[in-house]
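> Have a peek at coords36.pdb (PDB, C-alpha atoms).
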MODEL        1
ATOM      1  CA  MET A1094      86.031  72.229 135.756
ATOM      2  CA  THR A1095      85.513  70.679 139.184
ATOM      3  CA  THR A1096      82.906  68.127 140.169
ATOM      4  CA  MET A1097      79.599  69.559 141.216
ATOM      5  CA  ASN A1098      76.631  68.360 143.177
ATOM      6  CA  ARG A1099      73.356  68.939 141.383
ATOM      7  CA  ARG A1100      71.443  69.111 144.625
ATOM      8  CA  ASP A1101      73.984  71.704 145.337
ATOM      9  CA  LEU A1102      73.161  72.652 141.758
ATOM     10  CA  CYS A1103      69.397  72.065 141.468
ATOM     11  CA  VAL A1104      67.265  73.302 144.307
ATOM     12  CA  ALA A1105      63.860  74.513 143.358
ATOM     13  CA  LEU A1106      60.330  75.045 144.448
ATOM     14  CA  SER A1107      59.154  74.312 140.967
ATOM     15  CA  ALA A1108      59.725  71.381 138.639
ATOM     16  CA  PHE A1109      63.157  69.938 138.073
ATOM     17  CA  ALA A1110      64.321  68.119 135.076
ATOM     18  CA  ALA A1111      64.529  64.396 135.108
ATOM     19  CA  MET A1112      67.790  62.969 133.933
ATOM     20  CA  GLY A1113      67.152  60.975 130.800
ATOM     21  CA  SER A1114      65.923  57.589 131.930
ATOM     22  CA  MET A1115      65.636  58.709 135.558
ATOM     23  CA  MET A1116      62.255  60.228 134.701
ATOM     24  CA  ALA A1117      60.745  56.806 134.172
ATOM     25  CA  GLU A1118      62.363  55.578 137.379
ATOM     26  CA  ALA A1119      61.243  58.492 139.553
ATOM     27  CA  GLN A1120      59.070  57.402 142.439
ATOM     28  CA  ALA A1121      56.710  59.530 144.475
ATOM     29  CA  GLY A1122      58.217  60.569 147.781
ATOM     30  CA  PRO A1123      56.666  59.956 151.177
ATOM     31  CA  ALA A1124      54.647  63.182 151.031
ATOM     32  CA  ALA A1125      52.806  62.022 147.913
ATOM     33  CA  GLY A1126      49.561  60.129 148.243
ATOM     34  CA  ALA A1127      48.653  57.076 146.187
ATOM     35  CA  ASP A1128      47.463  59.454 143.450
ATOM     36  CA  GLY A1129      50.893  61.171 143.291
ATOM     37  CA  LYS A1130      49.597  64.371 144.908
ATOM     38  CA  LEU A1131      52.045  66.301 147.104
ATOM     39  CA  SER A1132      49.618  67.761 149.594
ATOM     40  CA  LYS A1133      51.280  67.664 153.013
ATOM     41  CA  SER A1134      54.380  69.180 154.570
ATOM     42  CA  VAL A1135      57.368  66.906 155.023
ATOM     43  CA  VAL A1136      61.118  67.030 155.686
ATOM     44  CA  TYR A1137      63.369  64.907 153.478
ATOM     45  CA  LYS A1138      66.531  63.935 155.351
ATOM     46  CA  TYR A1139      69.428  64.067 152.905
ATOM     47  CA  SER A1140      71.297  61.329 154.760
ATOM     48  CA  ALA A1141      68.307  58.980 154.355
ATOM     49  CA  LEU A1142      67.991  59.376 150.563
ATOM     50  CA  PRO A1143      69.318  56.356 148.626
ATOM     51  CA  VAL A1144      72.304  57.067 146.376
ATOM     52  CA  LYS A1145      72.263  55.860 142.771
ATOM     53  CA  ASN A1146      75.580  55.635 140.903
ATOM     54  CA  TYR A1147      75.724  56.429 137.175
ATOM     55  CA  ALA A1148      77.902  55.060 134.377
ATOM     56  CA  ASN A1149      79.525  58.487 133.842
ATOM     57  CA  GLY A1150      80.999  58.351 137.375
ATOM     58  CA  GLY A1151      78.362  60.625 138.860
ATOM     59  CA  SER A1152      75.718  59.879 141.435
ATOM     60  CA  GLY A1153      72.266  61.102 142.380
ATOM     61  CA  ARG A1154      69.550  61.099 144.990
ATOM     62  CA  GLN A1155      65.840  61.146 144.139
ATOM     63  CA  VAL A1156      64.000  63.327 146.661
ATOM     64  CA  LEU A1157      60.410  63.444 145.409
ATOM     65  CA  SER A1158      58.152  63.611 142.402
ATOM     66  CA  GLY A1159      54.451  64.287 142.187
ATOM     67  CA  THR A1160      51.826  66.909 141.513
ATOM     68  CA  LEU A1161      51.262  69.981 143.674
ATOM     69  CA  PRO A1162      47.716  70.925 144.727
ATOM     70  CA  THR A1163      48.004  73.729 142.126
ATOM     71  CA  GLY A1164      48.384  71.104 139.398
ATOM     72  CA  GLU A1165      52.054  71.486 138.436
ATOM     73  CA  PHE A1166      54.275  68.415 138.346
ATOM     74  CA  VAL A1167      57.457  68.755 140.407
ATOM     75  CA  GLU A1168      60.453  66.550 140.819
ATOM     76  CA  VAL A1169      63.397  67.245 143.104
ATOM     77  CA  HIS A1170      66.663  65.382 142.788
ATOM     78  CA  GLU A1171      70.355  66.016 143.214
ATOM     79  CA  THR A1172      73.121  64.927 140.931
ATOM     80  CA  LEU A1173      76.868  64.963 141.304
ATOM     81  CA  LEU A1174      78.409  65.597 137.889
ATOM     82  CA  PRO A1175      82.053  64.611 137.372
ATOM     83  CA  ALA A1176      84.244  67.254 135.742
ATOM     84  CA  GLY A1177      83.647  67.454 132.007
ATOM     85  CA  GLN A1178      80.605  65.151 132.038
ATOM     86  CA  MET A1179      77.009  65.833 130.997
ATOM     87  CA  PRO A1180      74.098  64.141 132.785
ATOM     88  CA  HIS A1181      72.369  63.587 129.413
ATOM     89  CA  PRO A1182      72.158  65.166 125.938
ATOM     90  CA  PRO A1183      70.447  68.593 125.709
ATOM     91  CA  HIS A1184      66.654  68.298 125.663
ATOM     92  CA  LYS A1185      63.443  70.119 126.635
ATOM     93  CA  HIS A1186      60.841  69.349 129.278
ATOM     94  CA  SER A1187      57.105  69.853 129.461
ATOM     95  CA  HIS A1188      57.565  71.229 132.990
ATOM     96  CA  SER A1189      59.592  74.103 134.432
ATOM     97  CA  GLU A1190      63.171  73.551 135.542
ATOM     98  CA  PHE A1191      65.370  75.458 137.976
ATOM     99  CA  LEU A1192      69.061  74.855 138.575
ATOM    100  CA  LEU A1193      70.954  76.300 141.530
ATOM    101  CA  ILE A1194      74.716  76.044 141.178
ATOM    102  CA  ARG A1195      76.291  75.484 144.580
ATOM    103  CA  GLU A1196      79.696  74.227 143.555
ATOM    104  CA  GLY A1197      81.774  74.292 140.378
ATOM    105  CA  GLN A1198      80.704  75.633 137.023
ATOM    106  CA  LEU A1199      78.917  74.421 133.907
ATOM    107  CA  SER A1200      77.493  75.491 130.576
ATOM    108  CA  PHE A1201      73.726  75.964 130.562
ATOM    109  CA  ILE A1202      72.353  75.429 127.061
ATOM    110  CA  ASN A1203      70.034  78.435 126.733
ATOM    111  CA  ASP A1204      68.020  78.146 123.493
ATOM    112  CA  GLY A1205      70.929  76.321 121.887
ATOM    113  CA  ILE A1206      73.572  78.769 123.103
ATOM    114  CA  PRO A1207      75.959  77.636 125.872
ATOM    115  CA  GLU A1208      75.971  80.128 128.732
ATOM    116  CA  PRO A1209      78.575  79.799 131.508
ATOM    117  CA  VAL A1210      77.161  79.558 135.034
ATOM    118  CA  SER A1211      78.946  79.148 138.351
ATOM    119  CA  VAL A1212      78.508  79.192 142.121
ATOM    120  CA  GLY A1213      75.393  81.087 143.214
ATOM    121  CA  ASP A1214      73.906  81.370 139.719
ATOM    122  CA  VAL A1215      70.330  80.210 139.118
ATOM    123  CA  CYS A1216      69.049  79.035 135.728
ATOM    124  CA  LEU A1217      65.378  78.922 134.762
ATOM    125  CA  ARG A1218      63.867  77.038 131.872
ATOM    126  CA  PRO A1219      60.100  77.705 131.987
ATOM    127  CA  GLN A1220      57.467  75.204 130.995
ATOM    128  CA  THR A1221      57.040  75.003 127.232
TER
ENDMDL
END
Write out the structure in this file as structure tokens.


Amino acid sequence: MTTMNRRDLCVALSAFAAMGSMMAEAQAGPAAGADGKLSKSVVYKYSALPVKNYANGGSGRQVLSGTLPTGEFVEVHETLLPAGQMPHPPHKHSHSEFLLIREGQLSFINDGIPEPVSVGDVCLRPQT
């Protein structure tokens, strides 16, 4: 298994999963108002996003988090996963999650069953 970039892995218009403790650390991006609402158009320059390094050897960039005018919470981040590493133990979210695999391959835990996914595949875990 090669390393993979979760931005290159997780691109979505809907909610993205937070990575374990990252959820508590997520900050609203520049498009969000003081109330956390994402209500204006904005471009996030990848090169300007701060990089956070993780104990497992991976890294990540927080893009945005907030609530859309339609009421759904969204968070966008990217994560580079080293070969053979998991970002966190399997878990469920109260919001929808999309993963776009741009590089490498991984096992997507689909209702407890590992499902192999690779470049170009998209995974959806709807809100529960």

> Which one of A:Lys1145, A:Arg1218, A:Lys1138, A:His1188 sits closest to Glu1165 of chain A if you count all atoms listed in the file?

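Checking each candidate against Glu1165 of chain A, we get A:His1188 as the closest.
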
> Given only C-alpha atoms as the basis, pick out the residue of A:Pro1175, A:Pro1180, A:Gly1129, A:Pro1207 nearest to Leu1161 of chain A.

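For Leu1161 of chain A, the nearest of the given residues is A:Gly1129.
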
> Rounded to one decimal in Å, what is the spacing between atom CA of Ser1134 of chain A and atom CA of Val1212 of chain A?

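Interatomic distance, atom CA of Ser1134 of chain A to atom CA of Val1212 of chain A: 28.9 Å.
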
> Mind pulling up the distance from atom CA of Asp1204 of chain A to atom CA of Leu1157 of chain A?

27.5 Å

> Could you tell me which residues the PyMOL selection byres ((chain A and resi 1205) around 12) returns for this structure, as a list in words?

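Listing what the PyMOL selection byres ((chain A and resi 1205) around 12) selects in the shown file: Pro1182, Pro1183, His1184, Lys1185, Ser1200, Phe1201, Ile1202, Asn1203, Asp1204, Ile1206, Pro1207 and Glu1208 of chain A.
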
> Of the residues A:Leu1199, A:Gly1126, A:Leu1142, A:Ser1189, which is the one nearest to Phe1166 of chain A, using only C-alpha atoms?

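Smallest distance to Phe1166 of chain A is found for A:Ser1189.
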
> In Å, with one decimal, what is the gap from atom CA of Glu1196 of chain A to atom CA of Pro1209 of chain A?

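Value for the atom CA of Glu1196 of chain A-atom CA of Pro1209 of chain A distance: 13.3 Å.
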
> List as JSON, numbers by chain: which residues have an atom within 12 Å of (52.9, 65.9, 149.7), counting all atoms listed in the file?

{"A": [1121, 1122, 1123, 1124, 1125, 1126, 1127, 1128, 1129, 1130, 1131, 1132, 1133, 1134, 1135, 1136, 1137, 1156, 1157, 1158, 1159, 1160, 1161, 1162, 1163, 1166, 1167, 1168]}

> Could you spell out the hits of the PyMOL selection byres ((chain A and resi 1143) around 10) on the shown file, as a ChimeraX atom specification?

/A:1139-1142,1144-1146,1153-1156

> Would you please work out which residue, of A:Ser1187, A:Pro1219, A:His1181, A:Leu1193, is nearest to Val1169 of chain A when using only C-alpha atoms?

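Smallest distance to Val1169 of chain A is found for A:Leu1193.
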
> Please write as number ranges by chain the full residue list that the PyMOL selection byres ((chain A and resi 1213) around 8) yields on this file.

A: 1193-1195, 1211-1212, 1214-1215
